[in-house]
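Only one structure is covered here, and it is reproduced in the block below.
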Amino acid sequence: MTDANGAIIEGRGLTRSFAMPAGAVTALGDVSIRIDAADYVAITGPSGCGKSTLLHILGCVDQPTAGSLVFEGRDVSALPESARSRIRLTRIGFVFQRFFLLPMLTAWENIELPQAEAGANKADRRARTRELLDYVGLSARSDHRPSQLSGGEMQRVAIARALANRPALLLADEPTGELDEETGLQIATLFDRVHSDGTAIVVVTHNPAVAARAARHLAMKSGRMVGA
Ligand SMILES: Nc1ncnc2c1ncn2[C@@H]1O[C@H](COP(=O)(O)OP(=O)(O)OP(=O)(O)O)[C@@H](O)[C@H]1O
Ligand SMILES: [Mg+2]
């Protein structure tokens with residue numbers, strides 16, 4: 001689903017300030033960004049430049065203090081939290097540096113949970129979870145808990161979980177930051193496949209080899225986009 005222009009996201013003048021005792025911190029200042037359905041975007045920039053802040057806003061987790069965000073044609077800033085949370089659950093997948101799998105659940109259960117939250121029936125959940133475990137090459141690890149998986153395996157489960165409800169957009173924040181180089185490249189290769197199978201990707205990364213996979217490169221500095 002895209003708007004009339006084919007955009008998944010159109011953010012204009014996105015600004016995020018945090019009120020702190022020592023004065024306001026502007027993490028993001030006047031950033032405009034458009035993400036299309038076929039996009040594969042890498043965002044790079046020094047630590048503290050606002051990459052995660054931007055990703056949280058694009059993912060409807062956080063709201064800008066100024067500017068507008070249109071997601072699949074809907075003005076997100078005008079939506080109540082319940083509608084924003086539905087967008088997060090069904091239209092966006094998140095992948096994090098530290099995986100954030102639920103430790104008491106198996107790989108299978110971690111992947112099934114967002115489908116249950118979205119209201120999918122048991123048969124559909126079973127078929128989709130099986131398909132995703134196969135997709136990320138972990139069919140033989142379905143009953144392992146996160147503590148019984150390697151870092152690369154945990155990240156593959158997290159990617160399967162992110163894809164569970166067939167999102168339009170995958171947002172990844174430093175997805176290879178905890179992995180060795182070779183494992184990181186395997187994750188990057190999986191991202192390539194996810195993109196060619198039709199999901200837009202925005203990946204924040206310090207890893208040049210991961211950034212190189214993307215078709216479009218955005219660089220940030222001090223809360224702003226630099227160059228293009
Ligand atoms: N909740 C918050 N309250 C106050 N300041 C914040 C908050 N979140 C982020 N900041 C500040 O906003 C700036 C941007 O932070 P952000 O986490 O977006 O950086 P980043 O580019 O993701 O850095 P890194 O590469 O280290 O993850 C930083 O100066 C940070 O201290
Ligand atoms: Mg960050």
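Here's how to read the names in the structure tokens: chain A, B, ... by the order shown, residue numbers from 1 in each chain, ligand numbers from 1 in the order shown.
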Show me which residues sit within 12 Å of ligand 2 when counting only C-alpha atoms and all ligand atoms, and put them as a list in words.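 Selection of residues at most 12 Å from ligand 2: Ala27, Ile43, Thr44, Gly45, Pro46, Ser47, Gly48, Cys49, Gly50, Lys51, Ser52, Thr53, Leu54, Leu55, His56, Phe96, Gln97, Arg98, Ala172, Asp173, Glu174, Pro175, Gly177, Val203, Val204, Thr205, His206, Met220 and Gly223 of chain A.
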Give me the residues near Arg88 of chain A as JSON, numbers by chain, where near means some atom within 12 Å (using only C-alpha atoms) and where sequence neighbours in that chain fewer than 2 positions away do not count. {"A": [56, 57, 58, 59, 60, 61, 62, 71, 76, 81, 82, 83, 84, 85, 86, 90, 91, 92, 93, 94, 114, 117, 118, 162, 163, 165, 166, 167, 168, 169, 170, 171]}
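Using only C-alpha atoms, the protein and nucleic acid residues lying no more than 9 Å from segment 5-11 of chain A, apart from those fewer than 4 places from it along its own chain, are A:Met1, A:Val31, A:Ser32, A:Ile33, A:Arg34, A:Ile35, A:Asp36, A:Ala37, A:Leu58, A:Gly67, A:Ser68, A:Leu69, A:Val70, A:Phe71, A:Glu72, A:Gly73, A:Ala168, A:Leu169, A:Ala200.
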Take the residues from that selection and put them in a file with N, CA and C atoms, as a PDB file, in the first residue's frame.
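Listed below is the output, part-v1.pdb:
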```
ATOM      1  N   MET A   1       0.853  -1.195   0.000  1.00  0.00           N
ATOM      2  CA  MET A   1       0.000   0.000   0.000  1.00  0.00           C
ATOM      3  C   MET A   1       0.892   1.249   0.000  1.00  0.00           C
ATOM      4  N   VAL A  31      14.383  17.583   9.257  1.00  0.00           N
ATOM      5  CA  VAL A  31      14.742  16.543   8.285  1.00  0.00           C
ATOM      6  C   VAL A  31      13.529  16.196   7.430  1.00  0.00           C
ATOM      7  N   SER A  32      13.724  16.233   6.125  1.00  0.00           N
ATOM      8  CA  SER A  32      12.669  15.776   5.214  1.00  0.00           C
ATOM      9  C   SER A  32      13.155  14.506   4.528  1.00  0.00           C
ATOM     10  N   ILE A  33      12.285  13.516   4.476  1.00  0.00           N
ATOM     11  CA  ILE A  33      12.692  12.219   3.932  1.00  0.00           C
ATOM     12  C   ILE A  33      11.483  11.536   3.323  1.00  0.00           C
ATOM     13  N   ARG A  34      11.743  10.848   2.222  1.00  0.00           N
ATOM     14  CA  ARG A  34      10.685  10.104   1.562  1.00  0.00           C
ATOM     15  C   ARG A  34      11.177   8.673   1.357  1.00  0.00           C
ATOM     16  N   ILE A  35      10.344   7.705   1.706  1.00  0.00           N
ATOM     17  CA  ILE A  35      10.691   6.298   1.503  1.00  0.00           C
ATOM     18  C   ILE A  35       9.655   5.685   0.576  1.00  0.00           C
ATOM     19  N   ASP A  36      10.126   5.128  -0.531  1.00  0.00           N
ATOM     20  CA  ASP A  36       9.233   4.501  -1.508  1.00  0.00           C
ATOM     21  C   ASP A  36       9.162   2.993  -1.292  1.00  0.00           C
ATOM     22  N   ALA A  37       8.150   2.395  -1.908  1.00  0.00           N
ATOM     23  CA  ALA A  37       7.890   0.965  -1.701  1.00  0.00           C
ATOM     24  C   ALA A  37       9.077   0.087  -2.093  1.00  0.00           C
ATOM     25  N   LEU A  58      10.157   7.553  12.112  1.00  0.00           N
ATOM     26  CA  LEU A  58       9.668   6.889  10.889  1.00  0.00           C
ATOM     27  C   LEU A  58       8.840   5.660  11.250  1.00  0.00           C
ATOM     28  N   GLY A  67       6.983  19.254  12.442  1.00  0.00           N
ATOM     29  CA  GLY A  67       7.046  18.570  11.159  1.00  0.00           C
ATOM     30  C   GLY A  67       5.895  17.596  11.018  1.00  0.00           C
ATOM     31  N   SER A  68       5.807  16.994   9.832  1.00  0.00           N
ATOM     32  CA  SER A  68       4.685  16.092   9.573  1.00  0.00           C
ATOM     33  C   SER A  68       5.186  14.760   9.018  1.00  0.00           C
ATOM     34  N   LEU A  69       4.427  13.710   9.327  1.00  0.00           N
ATOM     35  CA  LEU A  69       4.777  12.380   8.831  1.00  0.00           C
ATOM     36  C   LEU A  69       3.527  11.735   8.251  1.00  0.00           C
ATOM     37  N   VAL A  70       3.610  11.395   6.977  1.00  0.00           N
ATOM     38  CA  VAL A  70       2.506  10.707   6.316  1.00  0.00           C
ATOM     39  C   VAL A  70       2.957   9.281   6.033  1.00  0.00           C
ATOM     40  N   PHE A  71       2.200   8.314   6.558  1.00  0.00           N
ATOM     41  CA  PHE A  71       2.523   6.900   6.365  1.00  0.00           C
ATOM     42  C   PHE A  71       1.421   6.266   5.522  1.00  0.00           C
ATOM     43  N   GLU A  72       1.784   5.742   4.363  1.00  0.00           N
ATOM     44  CA  GLU A  72       0.818   5.153   3.429  1.00  0.00           C
ATOM     45  C   GLU A  72      -0.416   6.052   3.268  1.00  0.00           C
ATOM     46  N   GLY A  73      -0.124   7.337   3.090  1.00  0.00           N
ATOM     47  CA  GLY A  73      -1.188   8.286   2.779  1.00  0.00           C
ATOM     48  C   GLY A  73      -1.938   8.847   3.974  1.00  0.00           C
ATOM     49  N   ALA A 168       5.187  -3.415   5.070  1.00  0.00           N
ATOM     50  CA  ALA A 168       5.645  -2.721   3.867  1.00  0.00           C
ATOM     51  C   ALA A 168       7.083  -2.257   4.025  1.00  0.00           C
ATOM     52  N   LEU A 169       7.490  -2.086   5.286  1.00  0.00           N
ATOM     53  CA  LEU A 169       8.768  -1.421   5.570  1.00  0.00           C
ATOM     54  C   LEU A 169       9.484  -2.126   6.710  1.00  0.00           C
ATOM     55  N   ALA A 200      10.388  -2.715   1.547  1.00  0.00           N
ATOM     56  CA  ALA A 200      11.304  -1.573   1.609  1.00  0.00           C
ATOM     57  C   ALA A 200      12.133  -1.683   2.884  1.00  0.00           C
TER      58      ALA A 200
END
```
Find the residues around His144 of chain A up to 9 Å (only C-alpha atoms counted), leave out those fewer than 6 positions away in its own chain, and share them as a ChimeraX atom specification. /A:105-108
Store the residues picked out above in a file with N, CA and C atoms, as a PDB file, in the first residue's frame.
```
ATOM      1  N   LEU A 105      10.406 -17.184  25.410  1.00  0.00           N
ATOM      2  CA  LEU A 105       9.718 -17.792  24.267  1.00  0.00           C
ATOM      3  C   LEU A 105      10.723 -18.441  23.324  1.00  0.00           C
ATOM      4  N   THR A 106      10.291 -19.513  22.674  1.00  0.00           N
ATOM      5  CA  THR A 106      11.131 -20.157  21.663  1.00  0.00           C
ATOM      6  C   THR A 106      11.165 -19.288  20.400  1.00  0.00           C
ATOM      7  N   ALA A 107      12.042 -19.686  19.477  1.00  0.00           N
ATOM      8  CA  ALA A 107      12.114 -18.991  18.187  1.00  0.00           C
ATOM      9  C   ALA A 107      10.733 -18.978  17.532  1.00  0.00           C
ATOM     10  N   TRP A 108      10.111 -20.166  17.526  1.00  0.00           N
ATOM     11  CA  TRP A 108       8.766 -20.279  16.938  1.00  0.00           C
ATOM     12  C   TRP A 108       7.802 -19.287  17.586  1.00  0.00           C
TER      13      TRP A 108
END
```
Using backbone DSSP assignments, extract all helix (DSSP H, G or I) residues from segment 60-109 of chain A; output them as a ChimeraX atom specification. /A:76-78,81-91,107-109
